[in-house]
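Structure file start.cif (mmCIF, C-alpha atoms and all ligand atoms) is printed below.
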data_work
#
loop_
_atom_site.group_PDB
_atom_site.id
_atom_site.type_symbol
_atom_site.label_atom_id
_atom_site.label_comp_id
_atom_site.auth_asym_id
_atom_site.auth_seq_id
_atom_site.Cartn_x
_atom_site.Cartn_y
_atom_site.Cartn_z
ATOM 1 C CA MET A 1 -46.920 -46.670 -59.881
ATOM 2 C CA GLU A 2 -50.119 -46.988 -61.869
ATOM 3 C CA ARG A 3 -52.237 -50.137 -61.852
ATOM 4 C CA VAL A 4 -53.745 -51.609 -64.979
ATOM 5 C CA PRO A 5 -57.466 -52.405 -64.501
ATOM 6 C CA ILE A 6 -58.747 -55.917 -65.236
ATOM 7 C CA LEU A 7 -62.293 -56.036 -66.661
ATOM 8 C CA LYS A 8 -64.440 -59.117 -66.075
ATOM 9 C CA LEU A 9 -66.772 -60.231 -68.828
ATOM 10 C CA GLY A 10 -68.354 -63.652 -68.240
ATOM 11 C CA ASP A 11 -65.473 -66.111 -68.073
ATOM 12 C CA LEU A 12 -63.203 -63.688 -69.907
ATOM 13 C CA LEU A 13 -60.850 -61.102 -68.478
ATOM 14 C CA ILE A 14 -59.978 -58.075 -70.546
ATOM 15 C CA VAL A 15 -56.911 -56.014 -69.868
ATOM 16 C CA SER A 16 -56.623 -52.843 -71.885
ATOM 17 C CA ILE A 17 -53.292 -51.166 -71.311
ATOM 18 C CA GLN A 18 -53.683 -47.395 -71.508
ATOM 19 C CA VAL A 19 -50.668 -46.242 -69.510
ATOM 20 C CA ASP A 20 -46.931 -46.014 -70.151
ATOM 21 C CA LEU A 21 -45.785 -49.294 -68.677
ATOM 22 C CA ASP A 22 -43.037 -49.124 -66.135
ATOM 23 C CA ASP A 23 -41.497 -52.377 -64.960
ATOM 24 C CA GLN A 24 -43.259 -52.286 -61.579
ATOM 25 C CA THR A 25 -46.654 -51.826 -63.228
ATOM 26 C CA VAL A 26 -46.028 -54.819 -65.496
ATOM 27 C CA LEU A 27 -45.004 -57.004 -62.558
ATOM 28 C CA ALA A 28 -48.084 -55.933 -60.592
ATOM 29 C CA LEU A 29 -50.312 -56.739 -63.582
ATOM 30 C CA LYS A 30 -48.859 -60.248 -63.757
ATOM 31 C CA GLU A 31 -49.587 -60.843 -60.077
ATOM 32 C CA ASP A 32 -53.066 -59.273 -60.185
ATOM 33 C CA LEU A 33 -53.954 -61.399 -63.214
ATOM 34 C CA ALA A 34 -52.872 -64.636 -61.565
ATOM 35 C CA GLU A 35 -55.150 -63.885 -58.637
ATOM 36 C CA VAL A 36 -58.154 -62.809 -60.676
ATOM 37 C CA VAL A 37 -57.883 -65.750 -63.104
ATOM 38 C CA VAL A 38 -58.074 -68.160 -60.184
ATOM 39 C CA ALA A 39 -60.668 -66.214 -58.167
ATOM 40 C CA ARG A 40 -63.028 -65.929 -61.172
ATOM 41 C CA GLY A 41 -62.190 -69.270 -62.758
ATOM 42 C CA ALA A 42 -61.558 -67.291 -65.947
ATOM 43 C CA ARG A 43 -60.932 -69.335 -69.101
ATOM 44 C CA GLY A 44 -59.636 -66.585 -71.311
ATOM 45 C CA VAL A 45 -57.541 -63.447 -70.919
ATOM 46 C CA ILE A 46 -57.307 -60.777 -73.590
ATOM 47 C CA ILE A 47 -54.518 -58.245 -73.320
ATOM 48 C CA ASP A 48 -55.110 -55.249 -75.557
ATOM 49 C CA ILE A 49 -51.860 -53.414 -76.337
ATOM 50 C CA SER A 50 -53.227 -51.208 -79.140
ATOM 51 C CA ALA A 51 -52.398 -48.081 -77.119
ATOM 52 C CA VAL A 52 -48.904 -49.284 -76.224
ATOM 53 C CA GLU A 53 -46.247 -47.392 -78.147
ATOM 54 C CA ILE A 54 -43.246 -49.466 -77.211
ATOM 55 C CA VAL A 55 -42.643 -52.991 -75.972
ATOM 56 C CA ASP A 56 -39.064 -53.612 -74.887
ATOM 57 C CA SER A 57 -37.384 -56.818 -73.737
ATOM 58 C CA PHE A 58 -38.782 -56.554 -70.221
ATOM 59 C CA THR A 59 -42.404 -55.969 -71.229
ATOM 60 C CA GLY A 60 -42.123 -58.540 -74.019
ATOM 61 C CA ARG A 61 -40.787 -61.134 -71.640
ATOM 62 C CA MET A 62 -43.616 -60.374 -69.202
ATOM 63 C CA LEU A 63 -46.232 -60.874 -71.936
ATOM 64 C CA ALA A 64 -44.710 -64.302 -72.561
ATOM 65 C CA THR A 65 -44.657 -65.041 -68.829
ATOM 66 C CA ILE A 66 -48.290 -63.981 -68.451
ATOM 67 C CA ALA A 67 -49.330 -66.245 -71.339
ATOM 68 C CA GLU A 68 -47.467 -69.178 -69.798
ATOM 69 C CA MET A 69 -48.899 -68.465 -66.363
ATOM 70 C CA CYS A 70 -52.462 -68.337 -67.742
ATOM 71 C CA ARG A 71 -51.928 -71.722 -69.398
ATOM 72 C CA MET A 72 -50.896 -73.210 -66.070
ATOM 73 C CA LEU A 73 -54.016 -71.733 -64.483
ATOM 74 C CA ASP A 74 -56.231 -73.343 -67.145
ATOM 75 C CA ALA A 75 -56.880 -70.142 -69.089
ATOM 76 C CA HIS A 76 -55.858 -69.034 -72.572
ATOM 77 C CA ALA A 77 -54.234 -65.649 -73.110
ATOM 78 C CA VAL A 78 -54.327 -63.641 -76.324
ATOM 79 C CA VAL A 79 -52.411 -60.428 -76.964
ATOM 80 C CA VAL A 80 -54.337 -58.168 -79.345
ATOM 81 C CA GLY A 81 -53.730 -54.920 -81.183
ATOM 82 C CA MET A 82 -49.954 -54.868 -81.484
ATOM 83 C CA ARG A 83 -48.906 -51.840 -83.517
ATOM 84 C CA PRO A 84 -46.912 -52.547 -86.693
ATOM 85 C CA ALA A 85 -43.941 -50.472 -85.480
ATOM 86 C CA VAL A 86 -43.908 -52.456 -82.241
ATOM 87 C CA ALA A 87 -43.927 -55.775 -84.113
ATOM 88 C CA ILE A 88 -41.053 -54.677 -86.376
ATOM 89 C CA THR A 89 -39.050 -53.468 -83.383
ATOM 90 C CA LEU A 90 -39.630 -56.638 -81.349
ATOM 91 C CA VAL A 91 -38.417 -58.854 -84.167
ATOM 92 C CA GLU A 92 -35.281 -56.738 -84.596
ATOM 93 C CA LEU A 93 -34.714 -56.782 -80.867
ATOM 94 C CA GLY A 94 -34.730 -60.563 -81.103
ATOM 95 C CA LEU A 95 -37.933 -61.252 -79.208
ATOM 96 C CA SER A 96 -40.307 -63.361 -81.253
ATOM 97 C CA LEU A 97 -42.902 -64.088 -78.516
ATOM 98 C CA GLY A 98 -43.217 -67.599 -79.929
ATOM 99 C CA GLY A 99 -45.421 -68.898 -77.135
ATOM 100 C CA VAL A 100 -47.844 -65.987 -77.193
ATOM 101 C CA ARG A 101 -51.123 -66.183 -79.099
ATOM 102 C CA THR A 102 -51.915 -62.938 -80.894
ATOM 103 C CA ALA A 103 -54.838 -61.460 -82.813
ATOM 104 C CA LEU A 104 -55.136 -58.210 -84.751
ATOM 105 C CA ASN A 105 -57.907 -56.718 -82.631
ATOM 106 C CA LEU A 106 -60.236 -57.336 -79.718
ATOM 107 C CA GLU A 107 -62.977 -58.847 -81.858
ATOM 108 C CA LYS A 108 -60.590 -61.314 -83.485
ATOM 109 C CA GLY A 109 -59.119 -62.088 -80.076
ATOM 110 C CA VAL A 110 -62.548 -63.041 -78.718
ATOM 111 C CA ALA A 111 -63.200 -65.176 -81.811
ATOM 112 C CA LEU A 112 -59.837 -66.898 -81.397
ATOM 113 C CA LEU A 113 -60.601 -67.714 -77.776
ATOM 114 C CA ASP A 114 -64.034 -69.104 -78.708
ATOM 115 C CA HIS A 115 -62.360 -71.274 -81.309
ATOM 116 C CA VAL A 116 -59.609 -72.466 -78.986
ATOM 117 C CA ARG A 117 -62.089 -73.298 -76.266
ATOM 118 C CA GLY A 118 -64.382 -75.056 -78.716
ATOM 119 C CA ALA A 119 -61.539 -77.231 -79.948
ATOM 120 C CA VAL A 120 -60.238 -78.085 -76.499
ATOM 121 C CA PRO A 121 -63.273 -78.521 -74.260
ATOM 122 C CA MET B 1 -27.848 -26.922 -83.945
ATOM 123 C CA ASN B 2 -26.921 -29.020 -80.948
ATOM 124 C CA ALA B 3 -29.840 -28.898 -78.560
ATOM 125 C CA GLU B 4 -29.251 -31.034 -75.535
ATOM 126 C CA ARG B 5 -31.448 -32.434 -72.840
ATOM 127 C CA GLU B 6 -30.674 -34.765 -70.009
ATOM 128 C CA ALA B 7 -32.413 -36.863 -67.416
ATOM 129 C CA ALA B 8 -31.387 -38.914 -64.420
ATOM 130 C CA ILE B 9 -32.212 -42.608 -64.234
ATOM 131 C CA ALA B 10 -32.796 -43.774 -60.671
ATOM 132 C CA SER B 11 -36.123 -45.639 -60.736
ATOM 133 C CA SER B 12 -38.329 -47.574 -63.128
ATOM 134 C CA ALA B 13 -40.519 -44.455 -63.383
ATOM 135 C CA ASP B 14 -37.433 -42.615 -64.652
ATOM 136 C CA VAL B 15 -37.061 -45.220 -67.408
ATOM 137 C CA VAL B 16 -40.573 -44.270 -68.549
ATOM 138 C CA ALA B 17 -39.594 -40.579 -68.389
ATOM 139 C CA VAL B 18 -36.544 -41.329 -70.574
ATOM 140 C CA ARG B 19 -38.823 -42.917 -73.181
ATOM 141 C CA ARG B 20 -41.007 -39.768 -73.191
ATOM 142 C CA LEU B 21 -37.994 -37.490 -73.515
ATOM 143 C CA VAL B 22 -36.611 -39.534 -76.400
ATOM 144 C CA ARG B 23 -40.013 -39.668 -78.084
ATOM 145 C CA SER B 24 -40.434 -35.904 -78.122
ATOM 146 C CA ALA B 25 -36.895 -35.386 -79.417
ATOM 147 C CA ALA B 26 -37.385 -38.080 -82.091
ATOM 148 C CA ILE B 27 -40.552 -36.381 -83.319
ATOM 149 C CA GLU B 28 -38.765 -33.021 -83.367
ATOM 150 C CA VAL B 29 -35.922 -34.453 -85.470
ATOM 151 C CA GLY B 30 -38.404 -35.939 -87.924
ATOM 152 C CA LEU B 31 -37.788 -39.644 -87.419
ATOM 153 C CA SER B 32 -40.436 -41.901 -88.948
ATOM 154 C CA LEU B 33 -42.852 -43.650 -86.612
ATOM 155 C CA ILE B 34 -40.933 -46.917 -86.954
ATOM 156 C CA ASP B 35 -37.587 -45.239 -86.304
ATOM 157 C CA GLN B 36 -39.062 -43.394 -83.307
ATOM 158 C CA THR B 37 -40.242 -46.715 -81.925
ATOM 159 C CA LYS B 38 -36.831 -48.286 -82.492
ATOM 160 C CA ILE B 39 -34.809 -45.592 -80.768
ATOM 161 C CA ILE B 40 -37.266 -45.296 -77.865
ATOM 162 C CA THR B 41 -37.005 -49.056 -77.384
ATOM 163 C CA ALA B 42 -33.193 -48.923 -77.472
ATOM 164 C CA ALA B 43 -33.245 -46.051 -74.956
ATOM 165 C CA SER B 44 -35.507 -48.081 -72.693
ATOM 166 C CA GLU B 45 -33.103 -51.058 -72.798
ATOM 167 C CA LEU B 46 -30.028 -48.947 -72.095
ATOM 168 C CA ALA B 47 -31.691 -46.951 -69.321
ATOM 169 C CA ARG B 48 -32.882 -50.144 -67.658
ATOM 170 C CA ASN B 49 -29.367 -51.618 -67.867
ATOM 171 C CA ALA B 50 -27.968 -48.530 -66.112
ATOM 172 C CA LEU B 51 -30.645 -48.821 -63.424
ATOM 173 C CA VAL B 52 -30.304 -52.580 -62.908
ATOM 174 C CA TYR B 53 -26.537 -53.038 -63.142
ATOM 175 C CA ALA B 54 -25.280 -49.682 -61.854
ATOM 176 C CA GLY B 55 -28.168 -48.633 -59.596
ATOM 177 C CA ARG B 56 -28.456 -45.322 -61.407
ATOM 178 C CA GLY B 57 -27.302 -43.437 -64.440
ATOM 179 C CA GLU B 58 -28.187 -40.629 -66.795
ATOM 180 C CA VAL B 59 -29.142 -40.012 -70.367
ATOM 181 C CA ARG B 60 -28.185 -37.095 -72.565
ATOM 182 C CA VAL B 61 -30.165 -36.443 -75.715
ATOM 183 C CA HIS B 62 -28.570 -34.524 -78.598
ATOM 184 C CA VAL B 63 -29.995 -33.412 -81.888
ATOM 185 C CA VAL B 64 -27.178 -33.844 -84.420
ATOM 186 C CA GLU B 65 -26.691 -32.818 -88.022
ATOM 187 C CA ASN B 66 -24.675 -34.224 -90.872
ATOM 188 C CA GLY B 67 -25.067 -32.063 -93.954
ATOM 189 C CA SER B 68 -28.801 -31.856 -94.485
ATOM 190 C CA ARG B 69 -29.513 -34.934 -92.396
ATOM 191 C CA ARG B 70 -30.697 -34.676 -88.850
ATOM 192 C CA GLY B 71 -30.414 -37.354 -86.267
ATOM 193 C CA LEU B 72 -30.866 -38.165 -82.648
ATOM 194 C CA LYS B 73 -27.908 -39.125 -80.517
ATOM 195 C CA LEU B 74 -28.306 -40.572 -77.033
ATOM 196 C CA VAL B 75 -25.600 -41.087 -74.462
ATOM 197 C CA VAL B 76 -26.604 -43.382 -71.621
ATOM 198 C CA SER B 77 -23.945 -43.509 -68.953
ATOM 199 C CA ASP B 78 -23.425 -44.815 -65.462
ATOM 200 C CA GLU B 79 -20.700 -45.140 -62.875
ATOM 201 C CA GLY B 80 -21.444 -48.761 -62.070
ATOM 202 C CA PRO B 81 -19.291 -51.909 -62.156
ATOM 203 C CA GLY B 82 -18.621 -51.723 -65.886
ATOM 204 C CA ILE B 83 -18.474 -54.636 -68.313
ATOM 205 C CA SER B 84 -15.295 -56.734 -68.436
ATOM 206 C CA ASP B 85 -15.994 -58.449 -71.749
ATOM 207 C CA VAL B 86 -17.932 -56.131 -74.058
ATOM 208 C CA GLU B 87 -18.084 -58.579 -76.986
ATOM 209 C CA ARG B 88 -19.627 -61.217 -74.764
ATOM 210 C CA ALA B 89 -22.103 -58.713 -73.283
ATOM 211 C CA LEU B 90 -23.236 -57.849 -76.821
ATOM 212 C CA THR B 91 -23.920 -61.486 -77.619
ATOM 213 C CA ASP B 92 -27.634 -62.306 -77.732
ATOM 214 C CA GLY B 93 -28.602 -64.517 -74.844
ATOM 215 C CA TRP B 94 -25.665 -63.634 -72.605
ATOM 216 C CA THR B 95 -26.794 -62.300 -69.246
ATOM 217 C CA THR B 96 -25.590 -62.087 -65.674
ATOM 218 C CA GLY B 97 -29.097 -61.146 -64.557
ATOM 219 C CA THR B 98 -32.565 -62.545 -64.975
ATOM 220 C CA GLY B 99 -33.234 -61.079 -68.421
ATOM 221 C CA LEU B 100 -32.890 -62.662 -71.833
ATOM 222 C CA GLY B 101 -29.590 -61.000 -72.660
ATOM 223 C CA LEU B 102 -31.173 -59.137 -75.565
ATOM 224 C CA GLY B 103 -30.880 -55.522 -74.415
ATOM 225 C CA LEU B 104 -27.434 -54.628 -75.729
ATOM 226 C CA GLY B 105 -27.369 -56.753 -78.878
ATOM 227 C CA GLY B 106 -30.942 -55.759 -79.688
ATOM 228 C CA SER B 107 -30.273 -52.053 -79.154
ATOM 229 C CA ARG B 108 -27.306 -52.256 -81.498
ATOM 230 C CA ARG B 109 -29.595 -53.647 -84.221
ATOM 231 C CA LEU B 110 -32.231 -50.945 -83.637
ATOM 232 C CA VAL B 111 -29.955 -47.945 -84.274
ATOM 233 C CA ASP B 112 -27.624 -46.719 -87.028
ATOM 234 C CA GLU B 113 -24.556 -46.156 -84.851
ATOM 235 C CA PHE B 114 -23.702 -47.900 -81.616
ATOM 236 C CA ASP B 115 -20.683 -47.355 -79.430
ATOM 237 C CA LEU B 116 -20.112 -48.998 -76.061
ATOM 238 C CA LEU B 117 -17.318 -47.840 -73.767
ATOM 239 C CA SER B 118 -16.840 -49.525 -70.457
ATOM 240 C CA GLU B 119 -14.141 -49.711 -67.877
ATOM 241 C CA PRO B 120 -14.472 -52.274 -65.092
ATOM 242 C CA GLY B 121 -14.874 -50.493 -61.773
ATOM 243 C CA LYS B 122 -15.531 -47.124 -63.424
ATOM 244 C CA GLY B 123 -18.711 -47.407 -65.409
ATOM 245 C CA THR B 124 -20.327 -47.787 -68.784
ATOM 246 C CA SER B 125 -21.314 -45.349 -71.502
ATOM 247 C CA VAL B 126 -23.340 -46.293 -74.548
ATOM 248 C CA THR B 127 -23.787 -43.840 -77.416
ATOM 249 C CA VAL B 128 -26.383 -44.532 -80.089
ATOM 250 C CA THR B 129 -27.503 -42.497 -83.099
ATOM 251 C CA LYS B 130 -30.478 -42.791 -85.398
ATOM 252 C CA TRP B 131 -30.593 -40.670 -88.562
ATOM 253 C CA ALA B 132 -33.761 -39.345 -90.154
ATOM 254 C CA ARG B 133 -34.246 -40.806 -93.645
HETATM 255 N N1 LIG C 1 -24.660 -50.550 -67.717
HETATM 256 C C1 LIG C 1 -24.136 -51.771 -67.422
HETATM 257 N N2 LIG C 1 -23.254 -51.910 -66.393
HETATM 258 C C2 LIG C 1 -22.753 -53.130 -66.100
HETATM 259 N N3 LIG C 1 -23.041 -54.277 -66.765
HETATM 260 C C3 LIG C 1 -23.910 -54.188 -67.780
HETATM 261 C C4 LIG C 1 -24.502 -52.940 -68.177
HETATM 262 N N4 LIG C 1 -25.312 -53.166 -69.240
HETATM 263 C C5 LIG C 1 -25.232 -54.479 -69.493
HETATM 264 N N5 LIG C 1 -24.389 -55.108 -68.640
HETATM 265 C C6 LIG C 1 -24.016 -56.539 -68.631
HETATM 266 O O1 LIG C 1 -24.222 -57.080 -69.916
HETATM 267 C C7 LIG C 1 -25.155 -58.166 -69.870
HETATM 268 C C8 LIG C 1 -26.025 -58.160 -71.106
HETATM 269 O O2 LIG C 1 -26.877 -57.010 -71.090
HETATM 270 P P1 LIG C 1 -28.233 -57.029 -71.947
HETATM 271 O O3 LIG C 1 -28.963 -55.763 -71.730
HETATM 272 O O4 LIG C 1 -27.871 -57.427 -73.343
HETATM 273 O O5 LIG C 1 -29.044 -58.239 -71.321
HETATM 274 P P2 LIG C 1 -29.764 -58.350 -69.887
HETATM 275 O O6 LIG C 1 -29.903 -56.986 -69.285
HETATM 276 O O7 LIG C 1 -29.018 -59.359 -69.104
HETATM 277 O O8 LIG C 1 -31.190 -58.925 -70.280
HETATM 278 P P3 LIG C 1 -32.372 -58.136 -71.062
HETATM 279 O O9 LIG C 1 -31.839 -56.792 -71.420
HETATM 280 O O10 LIG C 1 -32.683 -58.980 -72.263
HETATM 281 O O11 LIG C 1 -33.496 -58.077 -70.100
HETATM 282 C C9 LIG C 1 -25.911 -57.962 -68.560
HETATM 283 O O12 LIG C 1 -26.422 -59.188 -68.048
HETATM 284 C C10 LIG C 1 -24.840 -57.361 -67.667
HETATM 285 O O13 LIG C 1 -24.012 -58.355 -67.140
HETATM 286 MG MG MG C 2 -30.701 -55.393 -70.387
#
Give the structure from the file, written as structure tokens.
Amino acid sequence: MERVPILKLGDLLIVSIQVDLDDQTVLALKEDLAEVVVARGARGVIIDISAVEIVDSFTGRMLATIAEMCRMLDAHAVVVGMRPAVAITLVELGLSLGGVRTALNLEKGVALLDHVRGAVP
Amino acid sequence: MNAEREAAIASSADVVAVRRLVRSAAIEVGLSLIDQTKIITAASELARNALVYAGRGEVRVHVVENGSRRGLKLVVSDEGPGISDVERALTDGWTTGTGLGLGLGGSRRLVDEFDLLSEPGKGTSVTVTKWAR
């Protein structure tokens, strides 16, 4: 199993997924993130999936779980860089990721987090 | 032409290997990027179902032809407990596990042809086809 690295940048965590995600890797990422968010007191988590070629029901559900978990740990999560083909496929699959904040790219994700944190101090 | 490849599904790493196998076949057949993504996603759902509900299974990948059209046909089969009520299993939101119950219904929407055969106590076989446009 591969592990997805978590980069620390101020009070942000950046997760850039560059591997083919197997279910164990996704579960490990969820657990690692929970620990690092708390240990660092992170306020924002950006998950970059621009290199991810497919998101199925398991991975999609985990993205939603991670977003929910971050909220409970007083951090905001944003998923950035979803490929168009992935978005089309997820909708057809029936997974709308309603509770997950998204942005088109890393830069917009950072801006969104700044905005969210500005609005809710 | 009826090239065929197969792979065993016995771990979550194998599910990733199935996606790679299906991707290379989908590219070879000439599926568009969106259709590649759809059939790889369906394959991932079906392979995971075999792994989770039957413990193991296998996938066979066929390149098929219909006149001048080429397509990709996948058969994902297992010798697990089978499904007693197929219609119910295909209903979105119905699950006996911890998932969302989207795998089967969602896979059916992602492909052009979908055929589920299951016999309780014997196993399950799902055949899906996606045609190049
Ligand atoms: N290969 C199989 N063998 C036995 N039962 C199966 C098999 N595939 C699916 N099922 C049954 O059909 C139900 C629905 O499957 P489906 O893939 O749609 O949803 P899920 O696996 O429960 O959740 P999700 O796929 O959304 O994570 C399963 O909960 C299971 O009871
Ligand atoms: Mg499933």
Polymer residues at most 6 Å from stretch 87-93 of chain B, all atoms listed in the file, same-chain spacing of 6 or more positions, as a PyMOL selection string
chain B and resi 100-102+104-105
Determine which residues of chain B sit within 10 Å of chain A, taking into account only C-alpha atoms, and present them as an MDAnalysis selection string.
chainID B and resid 11:17 19:20 23 32:45 48 92:93 99:110
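The space separating atom CA of B:Val63 from atom CA of B:Glu6 comes to 12.0 Å.
Taking atom CA of A:His76 and atom CA of A:Leu9 as endpoints, the distance between them is 14.5 Å.
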Would you write out, as an MDAnalysis selection string, every residue that the PyMOL selection byres (((chain A and resi 15) around 7) and not hetatm) captures in this file?
chainID A and resid 5:7 13:14 16:17 46:48
Tell me which protein, DNA and RNA residues are within 7 Å of B:Asp115, counting only C-alpha atoms, leaving out same-chain ones fewer than 6 positions away, and put them as number ranges by chain.
B: 126-128
Counting all atoms listed in the file, closest pick from B:Thr98, B:Asn49, B:Ser68, B:Ser24 relative to B:Gly123 is B:Asn49
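The space between atom CA of B:Val111 and atom C9 of ligand LIG 1 (chain C) spans 19.1 Å.
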Exercise on stretch 39-49 of chain B, axis-aligned box with 5 Å per side, report centre and edge lengths in Å to one decimal, as AutoDock Vina command-line options:
--center_x -33.3 --center_y -48.5 --center_z -74.2 --size_x 17.9 --size_y 16.3 --size_z 23.1
Residue contacts of B:Asp85 (10 Å, all atoms listed in the file) excluding same-chain residues fewer than 5 positions away, as a list in words
Leu90, Ser118, Glu119 and Pro120 of chain B
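If you measure from each of A:Ala111, A:Thr59, A:Leu97, A:Gly81 to ligand MG 2 (chain C) using all atoms listed in the file, the closest one turns out to be A:Thr59.
Residues lying within 12 Å of A:Arg71, counting only C-alpha atoms and ignoring same-chain neighbours fewer than 4 positions away, are Ala34, Val37, Val38, Ala42, Arg43, Gly44, Val45, Ala64, Thr65, Ile66, Ala67, Ala75, His76, Ala77, Val78, Gly99, Val100 and Arg101 of chain A.
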Contacts of B:Arg60 at 6 Å or less, counting only C-alpha atoms, minus same-chain residues fewer than 5 places along, as a list in words?
Arg5, Glu6, Leu74 and Val75 of chain B
What does stretch 63-98 of chain A look like written to a file with C-alpha atoms, as a PDB file, in the first residue's frame?
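Below you can see result.pdb, which holds the result:
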ATOM      1  CA  LEU A  63     -13.894  12.429   0.213  1.00  0.00           C
ATOM      2  CA  ALA A  64     -17.258  13.250   1.785  1.00  0.00           C
ATOM      3  CA  THR A  65     -16.230  11.570   5.041  1.00  0.00           C
ATOM      4  CA  ILE A  66     -12.937  13.472   5.116  1.00  0.00           C
ATOM      5  CA  ALA A  67     -14.750  16.785   4.583  1.00  0.00           C
ATOM      6  CA  GLU A  68     -17.175  15.986   7.399  1.00  0.00           C
ATOM      7  CA  MET A  69     -14.371  14.855   9.683  1.00  0.00           C
ATOM      8  CA  CYS A  70     -12.397  18.066   9.050  1.00  0.00           C
ATOM      9  CA  ARG A  71     -15.471  20.119   9.956  1.00  0.00           C
ATOM     10  CA  MET A  72     -15.732  18.300  13.270  1.00  0.00           C
ATOM     11  CA  LEU A  73     -12.052  19.002  13.904  1.00  0.00           C
ATOM     12  CA  ASP A  74     -12.571  22.733  13.270  1.00  0.00           C
ATOM     13  CA  ALA A  75     -10.984  22.758   9.817  1.00  0.00           C
ATOM     14  CA  HIS A  76     -12.429  23.369   6.361  1.00  0.00           C
ATOM     15  CA  ALA A  77     -11.728  20.945   3.531  1.00  0.00           C
ATOM     16  CA  VAL A  78     -11.755  21.795  -0.163  1.00  0.00           C
ATOM     17  CA  VAL A  79     -11.401  19.295  -2.996  1.00  0.00           C
ATOM     18  CA  VAL A  80      -9.677  20.894  -5.989  1.00  0.00           C
ATOM     19  CA  GLY A  81      -8.885  19.946  -9.563  1.00  0.00           C
ATOM     20  CA  MET A  82     -11.576  17.391 -10.327  1.00  0.00           C
ATOM     21  CA  ARG A  83     -11.297  16.334 -13.961  1.00  0.00           C
ATOM     22  CA  PRO A  84     -14.380  16.924 -16.131  1.00  0.00           C
ATOM     23  CA  ALA A  85     -14.688  13.211 -16.982  1.00  0.00           C
ATOM     24  CA  VAL A  86     -14.595  12.379 -13.276  1.00  0.00           C
ATOM     25  CA  ALA A  87     -17.336  14.909 -12.499  1.00  0.00           C
ATOM     26  CA  ILE A  88     -19.570  13.559 -15.286  1.00  0.00           C
ATOM     27  CA  THR A  89     -19.013   9.989 -14.115  1.00  0.00           C
ATOM     28  CA  LEU A  90     -19.698  10.777 -10.451  1.00  0.00           C
ATOM     29  CA  VAL A  91     -23.006  12.426 -11.263  1.00  0.00           C
ATOM     30  CA  GLU A  92     -24.067   9.449 -13.386  1.00  0.00           C
ATOM     31  CA  LEU A  93     -22.976   7.085 -10.655  1.00  0.00           C
ATOM     32  CA  GLY A  94     -25.336   8.958  -8.357  1.00  0.00           C
ATOM     33  CA  LEU A  95     -22.778  10.550  -6.067  1.00  0.00           C
ATOM     34  CA  SER A  96     -23.238  14.295  -5.894  1.00  0.00           C
ATOM     35  CA  LEU A  97     -20.782  15.024  -3.033  1.00  0.00           C
ATOM     36  CA  GLY A  98     -23.248  17.611  -1.748  1.00  0.00           C
TER      37      GLY A  98
END
